[in-house]
file target05.tsv (TSV, C-alpha atoms and all ligand atoms)
chain	number	residue	atom	x	y	z
E	272	MET	CA	239.31	43.73	100.05
E	273	PHE	CA	238.49	42.05	96.74
E	274	ASN	CA	241.01	39.54	95.43
E	275	ILE	CA	241.05	38.34	91.85
E	276	VAL	CA	243.10	35.50	90.41
E	277	ILE	CA	243.54	35.82	86.66
E	278	PHE	CA	244.19	32.40	85.29
E	279	GLY	CA	244.91	30.89	81.88
E	280	GLY	CA	247.56	29.41	79.63
E	281	PRO	CA	250.67	31.28	78.54
E	282	GLY	CA	249.57	33.96	76.08
E	283	SER	CA	245.92	33.85	77.16
E	284	GLY	CA	245.90	37.61	77.84
E	285	LYS	CA	246.40	37.63	81.61
E	286	GLY	CA	248.76	40.62	81.52
E	287	THR	CA	246.69	42.60	79.02
E	288	GLN	CA	243.46	42.08	80.93
E	289	SER	CA	245.19	42.75	84.26
E	290	ASP	CA	246.20	46.18	82.98
E	291	LYS	CA	242.57	46.99	82.30
E	292	LEU	CA	241.43	45.57	85.65
E	293	ILE	CA	243.97	47.63	87.60
E	294	SER	CA	242.66	50.94	86.32
E	295	HIS	CA	239.01	49.94	86.46
E	296	TYR	CA	238.91	48.43	89.95
E	297	ASN	CA	241.88	50.20	91.53
E	298	LEU	CA	243.53	46.98	92.67
E	299	PHE	CA	247.18	46.14	93.28
E	300	HIS	CA	248.69	43.97	90.55
E	301	ILE	CA	251.10	41.15	91.32
E	302	SER	CA	252.51	39.36	88.28
E	303	THR	CA	254.91	36.70	89.49
E	304	GLY	CA	256.42	36.53	85.98
E	305	ASP	CA	257.19	40.27	86.15
E	306	VAL	CA	258.64	39.90	89.67
E	307	LEU	CA	260.96	37.14	88.42
E	308	ARG	CA	261.96	39.00	85.24
E	309	ASP	CA	262.81	42.04	87.37
E	310	HIS	CA	265.21	39.89	89.41
E	311	ILE	CA	266.72	38.54	86.19
E	312	ARG	CA	267.26	42.08	84.87
E	313	ARG	CA	268.92	43.12	88.13
E	314	GLY	CA	271.11	40.02	88.11
E	315	THR	CA	270.20	38.91	91.65
E	316	ASP	CA	270.84	35.37	92.90
E	317	LEU	CA	267.12	34.73	92.76
E	318	GLY	CA	267.11	36.05	89.18
E	319	ASN	CA	269.82	33.60	88.17
E	320	THR	CA	267.97	30.70	89.75
E	321	ALA	CA	264.66	31.79	88.19
E	322	ASN	CA	266.20	32.15	84.74
E	323	SER	CA	267.39	28.54	84.77
E	324	TYR	CA	263.74	27.44	85.04
E	325	ILE	CA	262.07	30.13	82.93
E	326	SER	CA	264.34	29.68	79.91
E	327	LYS	CA	263.44	25.98	79.86
E	328	GLY	CA	259.71	26.65	80.21
E	329	LYS	CA	259.63	25.03	83.66
E	330	LEU	CA	257.95	26.29	86.81
E	331	ILE	CA	259.93	27.73	89.69
E	332	PRO	CA	259.63	25.27	92.64
E	333	ASP	CA	256.59	25.85	94.83
E	334	ASP	CA	258.44	26.58	98.11
E	335	LEU	CA	260.54	29.27	96.48
E	336	MET	CA	257.61	30.78	94.59
E	337	VAL	CA	255.39	30.87	97.68
E	338	SER	CA	258.07	32.61	99.73
E	339	ILE	CA	258.59	35.17	96.94
E	340	LEU	CA	254.87	35.93	96.87
E	341	GLU	CA	254.65	36.15	100.66
E	342	GLN	CA	257.48	38.71	100.57
E	343	VAL	CA	255.68	40.80	97.93
E	344	LEU	CA	252.57	40.85	100.15
E	345	ILE	CA	254.66	41.90	103.16
E	346	ASP	CA	256.57	44.59	101.25
E	347	ASN	CA	253.33	46.07	99.91
E	348	ALA	CA	251.11	45.56	102.96
E	349	GLN	CA	249.49	48.98	102.60
E	350	ALA	CA	248.88	48.74	98.85
E	351	VAL	CA	247.43	45.22	98.93
E	352	ALA	CA	244.91	46.12	101.63
E	353	ASP	CA	242.21	47.08	99.10
E	354	GLY	CA	242.66	43.95	97.04
E	355	VAL	CA	245.00	42.28	94.60
E	356	ILE	CA	244.99	40.92	91.08
E	357	PHE	CA	247.11	37.78	91.19
E	358	ASP	CA	248.46	37.25	87.69
E	359	GLY	CA	250.43	34.06	87.03
E	360	PHE	CA	250.00	32.82	90.61
E	361	PRO	CA	248.94	30.23	91.64
E	362	ARG	CA	250.18	27.83	88.96
E	363	THR	CA	249.94	24.60	90.96
E	364	ILE	CA	247.57	23.12	93.53
E	365	PRO	CA	250.11	23.53	96.39
E	366	GLN	CA	250.49	27.22	95.42
E	367	ALA	CA	246.69	27.64	95.44
E	368	LYS	CA	246.50	26.09	98.91
E	369	ALA	CA	249.33	28.34	100.11
E	370	LEU	CA	247.56	31.40	98.68
E	371	ASN	CA	244.36	30.50	100.52
E	372	GLU	CA	246.36	30.24	103.74
E	373	MET	CA	248.23	33.51	103.18
E	374	LEU	CA	244.97	35.35	102.57
E	375	GLN	CA	243.15	33.61	105.42
E	376	LYS	CA	245.88	34.77	107.80
E	377	ARG	CA	245.00	38.31	106.75
E	378	GLY	CA	241.25	37.74	107.12
E	379	ASN	CA	240.80	37.53	103.35
E	380	LYS	CA	240.17	35.09	100.53
E	381	VAL	CA	240.21	34.74	96.74
E	382	ASN	CA	236.88	36.24	95.67
E	383	ILE	CA	236.90	35.21	92.02
E	384	VAL	CA	239.07	33.32	89.56
E	385	ILE	CA	238.88	34.63	86.02
E	386	GLY	CA	239.76	31.71	83.73
E	387	LEU	CA	240.77	32.95	80.28
E	388	GLU	CA	240.05	29.99	78.01
E	389	VAL	CA	241.98	29.95	74.73
E	390	PRO	CA	242.85	26.95	72.50
E	391	ASP	CA	246.51	25.87	72.35
E	392	GLU	CA	246.93	26.68	68.64
E	393	GLU	CA	245.90	30.27	69.28
E	394	LEU	CA	248.20	30.50	72.32
E	395	THR	CA	251.17	29.25	70.28
E	396	GLU	CA	250.47	31.73	67.52
E	397	ARG	CA	250.19	34.64	69.95
E	398	LEU	CA	253.38	33.72	71.81
E	399	LEU	CA	255.40	33.32	68.61
E	400	LYS	CA	254.20	36.75	67.53
E	401	ARG	CA	255.02	38.24	70.93
E	402	GLY	CA	258.46	36.64	70.76
E	403	LEU	CA	259.33	38.76	67.73
E	404	GLU	CA	259.22	41.84	69.98
E	405	SER	CA	259.37	40.75	73.62
E	406	GLY	CA	262.96	39.59	73.76
E	407	ARG	CA	261.76	37.03	76.32
E	408	SER	CA	263.95	33.95	76.53
E	409	ASP	CA	260.85	31.75	76.75
E	410	ASP	CA	258.90	33.01	73.72
E	411	ASN	CA	260.39	30.56	71.20
E	412	ARG	CA	258.74	27.50	69.65
E	413	GLU	CA	260.51	24.88	71.75
E	414	THR	CA	259.95	26.61	75.08
E	415	ILE	CA	256.36	27.51	74.19
E	416	ALA	CA	255.59	23.81	73.62
E	417	LYS	CA	257.11	22.98	77.00
E	418	ARG	CA	255.17	25.78	78.73
E	419	LEU	CA	251.91	24.47	77.26
E	420	GLU	CA	252.72	20.95	78.42
E	421	VAL	CA	253.49	22.25	81.93
E	422	TYR	CA	250.31	24.32	81.86
E	423	HIS	CA	248.14	21.30	81.08
E	424	SER	CA	249.79	18.97	83.56
E	425	GLN	CA	250.36	21.30	86.52
E	426	THR	CA	248.23	24.43	86.17
E	427	ALA	CA	245.01	23.39	84.40
E	428	PRO	CA	243.91	21.21	87.40
E	429	LEU	CA	243.37	24.48	89.25
E	430	LYS	CA	240.20	24.98	87.24
E	431	ALA	CA	238.49	22.07	89.04
E	432	PHE	CA	240.06	23.16	92.34
E	433	TYR	CA	238.41	26.58	92.08
E	434	GLN	CA	235.20	25.23	90.53
E	435	ASN	CA	234.81	23.14	93.69
E	436	GLN	CA	235.06	26.34	95.71
E	437	GLY	CA	232.38	27.89	93.48
E	438	ILE	CA	234.54	30.86	92.47
E	439	TYR	CA	235.68	29.97	88.94
E	440	ALA	CA	234.36	32.17	86.11
E	441	ALA	CA	235.07	30.78	82.63
E	442	ILE	CA	235.77	33.56	80.13
E	443	LYS	CA	236.18	32.97	76.40
E	444	GLY	CA	239.59	34.53	75.81
E	445	ILE	CA	239.13	35.08	72.10
E	446	GLY	CA	237.84	38.28	70.50
E	447	THR	CA	238.79	41.90	70.95
E	448	ILE	CA	240.54	43.02	74.13
E	449	ASP	CA	237.54	45.17	75.00
E	450	SER	CA	234.91	42.49	74.43
E	451	ILE	CA	236.87	40.04	76.61
E	452	PHE	CA	237.22	42.71	79.27
E	453	GLN	CA	233.48	43.28	79.18
E	454	SER	CA	232.83	39.59	79.90
E	455	ILE	CA	235.32	39.76	82.78
E	456	GLN	CA	233.64	42.86	84.17
E	457	GLU	CA	230.23	41.18	84.06
E	458	ALA	CA	231.56	38.15	85.93
E	459	ILE	CA	233.17	40.35	88.61
E	460	ASP	CA	230.22	42.67	89.03
E	461	LYS	CA	227.98	39.67	89.68
E	462	VAL	CA	229.93	38.80	92.83
E	463	LYS	CA	231.38	42.15	93.94
I	1	LIG	P1	254.52	34.53	83.01
I	1	LIG	O1	255.07	35.90	82.81
I	1	LIG	O2	253.38	34.52	84.00
I	1	LIG	O3	254.17	33.86	81.71
I	1	LIG	O4	255.67	33.64	83.67
I	1	LIG	C1	256.87	33.37	82.98
I	1	LIG	C2	257.59	32.22	83.64
I	1	LIG	O5	257.90	32.55	85.00
I	1	LIG	C3	256.82	30.92	83.75
I	1	LIG	O6	256.88	30.15	82.57
I	1	LIG	C4	257.53	30.23	84.92
I	1	LIG	O7	258.77	29.70	84.52
I	1	LIG	C5	257.82	31.42	85.84
I	1	LIG	N1	256.70	31.63	86.79
I	1	LIG	C6	255.87	32.72	86.86
I	1	LIG	N2	254.96	32.57	87.83
I	1	LIG	C7	255.19	31.36	88.39
I	1	LIG	C8	254.56	30.61	89.42
I	1	LIG	N3	253.49	31.07	90.07
I	1	LIG	N4	255.09	29.39	89.73
I	1	LIG	C9	256.16	28.90	89.09
I	1	LIG	N5	256.78	29.54	88.09
I	1	LIG	C10	256.32	30.76	87.73

call {"tool": "encode", "arguments": {"input": "target05.tsv", "output": "structure tokens"}}
result
Amino acid sequence: MFNIVIFGGPGSGKGTQSDKLISHYNLFHISTGDVLRDHIRRGTDLGNTANSYISKGKLIPDDLMVSILEQVLIDNAQAVADGVIFDGFPRTIPQAKALNEMLQKRGNKVNIVIGLEVPDEELTERLLKRGLESGRSDDNRETIAKRLEVYHSQTAPLKAFYQNQGIYAAIKGIGTIDSIFQSIQEAIDKVK
């Protein structure tokens, strides 16, 4: 089992690069943002709760988010056995600790954290552009600013957390999709 966390600010290319990783390494993809948006689309209670945070650019509380992820792992026990790309999770230190525990319980661990590093100005530009087509309630200037603030205060500390574990690979997230993917591939192939 080879587990990858793809990590970076909103708009850093996590989803785009995950798509390429899935086909290349044959891993199961879990995007917590997609899981939540699916609940919102289906109008579930969880979707309604999630939307009240997402539309304000805030994070879903850790306890709730961890239990959602645990359920996804249980529901897809067979598919996750070969390895997972965790996209958008963890976003806080408590979530990272919970992920370590969840994987440890299954005799596994996070093998590598791909950190897509992109300056804020570029992230804002990309998200505004995406907002023209995505229809996402959080791709507007006010919510983008909030998401960046939340990213720096709550998510960015994960870089040091994973550096301390010796599994953080910094990737320059600017350039063509293919050139960024090549850097990611090199980082993975070094440890795989
Ligand atoms: P994303 O699609 O990864 O950009 O996520 C969109 C939004 O979903 C985020 O801005 C959060 O409000 C929420 N979200 C997704 N993943 C998490 C997570 N791991 N913890 C808390 N909130 C999350």

call {"tool": "atom_distance", "arguments": {"input": "target05.tsv", "atom1": "atom CA of His300 of chain E", "atom2": "atom CA of Ala350 of chain E"}}
result
9.6 Å

call {"tool": "residues_near_ligand", "arguments": {"input": "target05.tsv", "ligand": "ligand LIG 1 (chain I)", "cutoff": "6 Å", "atoms": "all atoms listed in the file", "output": "ChimeraX atom specification"}}
result
/E:281,303-305,324-325,328-331,336,359-362

call {"tool": "closest_residue", "arguments": {"input": "target05.tsv", "among": "E:Asn322, E:Asn411, E:Ile275, E:Gly280", "to": "Lys380 of chain E", "atoms": "only C-alpha atoms"}}
result
E:Ile275

call {"tool": "residues_around", "arguments": {"input": "target05.tsv", "residues": "Leu307 of chain E", "least_positions_apart": "6", "cutoff": "8 Å", "atoms": "all atoms listed in the file", "output": "list in words"}}
result
Leu317, Gly318 and Ala321 of chain E

call {"tool": "atom_distance", "arguments": {"input": "target05.tsv", "atom1": "atom CA of Leu419 of chain E", "atom2": "atom CA of Leu394 of chain E"}}
result
8.6 Å
